[in-house]
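What follows is a short report on a single structure.
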Amino acid sequence: MPYQTAIFDLDGTLLNTLDDLHRAVNHALAALGLPRRGLAEVRLFTGNGIRRLIDLSVPEGASQDVADRVFAKFKAYYDKHKLDATRPYTGMPEVIGDLRGAGVACAVVSNKADSAVQGIIDHFYPDTFDCVMGERGGVRRKPHRDMIDVVLRELGRGADGMVYVGDSEVDIETARNCGCPCLSCSWGFRDRSWLVEHGATTIVDTPAQLEAKILA
């Protein structure tokens with residue numbers, strides 16, 4: 001077995017969170033009388049944390065105060081509605097179960113706020129992962145490797161034998177910064193052509209293909 005550790009992104013990889021993110025963004029924008037964003041825009045804005053999502057969603061030239069107020073509205077709404085439409089991608093819970101059964105340590109690293117990540121994983125993937133980490137103060141977000149290093153320390157493992165699984169250019173760069181392979185999922189928030197353009201070397205189109213690559 002080539003991989004002993006698999007670290008997974010959350011949004012667009014394990015869970016389809018797009019509809020809830022989209023609704024939360026537009027709720028926050030509408031609360032301040034700002035133009036709404038389309039689903040495709042929010043899809044492209046994700047990947048670098050919710051603060052970056054809001055900074056991209058407010059109109060160009062908006063003041064920092066406006067962005068801060070939209071961010072506060074977003075957080076309050078999303079905290080209450082983050083489970084409304086979010087669902088695991090079909091087959092992913094079974095893949096994680098198979099990997100752990102085969103002895104692969106499995107972890108989640110997301111740029112989403114840690115409290116939201118913990119709550120979502122506890123709801124959809126209870127007692128499934130060996131370690132779960134979202135954005136925390138004092139630890140640089142992906143694509144820096146700092147969050148990955150924290151998780152590896154908690155797992156008691158090194159980067160050797162690790163594979164990173166994600167759906168965006170942020171994940172590709174994160175894996176590159178960790179010196180490990182990246183498996184890019186085409187079912188997430190970036191399409192295949194975008195992934196190729198941003199340096200993806202191995203793209204999987206289904207959870208079954210993902211499992212086969214990790215256990216090959």
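Letters A, B, ... go to the chains of the structure tokens in the order shown; residues in each chain start at 1; ligands are counted from 1 in the same order.
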Going by DSSP on the backbone, which residues of stretch 68-187 of chain A come out as strand (DSSP E or B)? List them as JSON, numbers by chain.
{"A": [87, 88, 105, 106, 107, 108, 109, 110, 111, 112, 113, 131, 132, 133, 134, 135, 162, 163, 164, 165, 166, 182, 183, 184, 185]}
Would you mind listing what lies within 12 Å of A:Phe8 as an MDAnalysis selection string, with only C-alpha atoms counted and same-chain residues fewer than 6 positions away left out?
chainID A and resid 14:15 92 95:96 105:111 121 129:134 147:148 151 162:168 171:172 174:175 182:185 210
List the neighbours of A:Leu34 out to 8 Å using only C-alpha atoms; skip same-chain residues closer than 5 positions along the sequence, and give me the result as a PDB file with C-alpha atoms, in the first residue's frame.
```
ATOM      1  CA  LEU A  29     -25.380  40.764   1.094  1.00  0.00           C
ATOM      2  CA  VAL A  58     -18.925  42.202  -1.710  1.00  0.00           C
ATOM      3  CA  PRO A  59     -18.941  44.715  -4.589  1.00  0.00           C
TER       4      PRO A  59
END
```
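Using only C-alpha atoms, the shortest contact distance between A:Asp20 and any of A:Glu60, A:Glu41, A:Asp79, A:Glu154 is found at A:Asp79.
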Neighbours of stretch 63-70 of chain A within 12 Å (only C-alpha atoms; same-chain residues fewer than 6 positions away dropped), as a PyMOL selection string?
chain A and resi 24-36+50-57+76-78
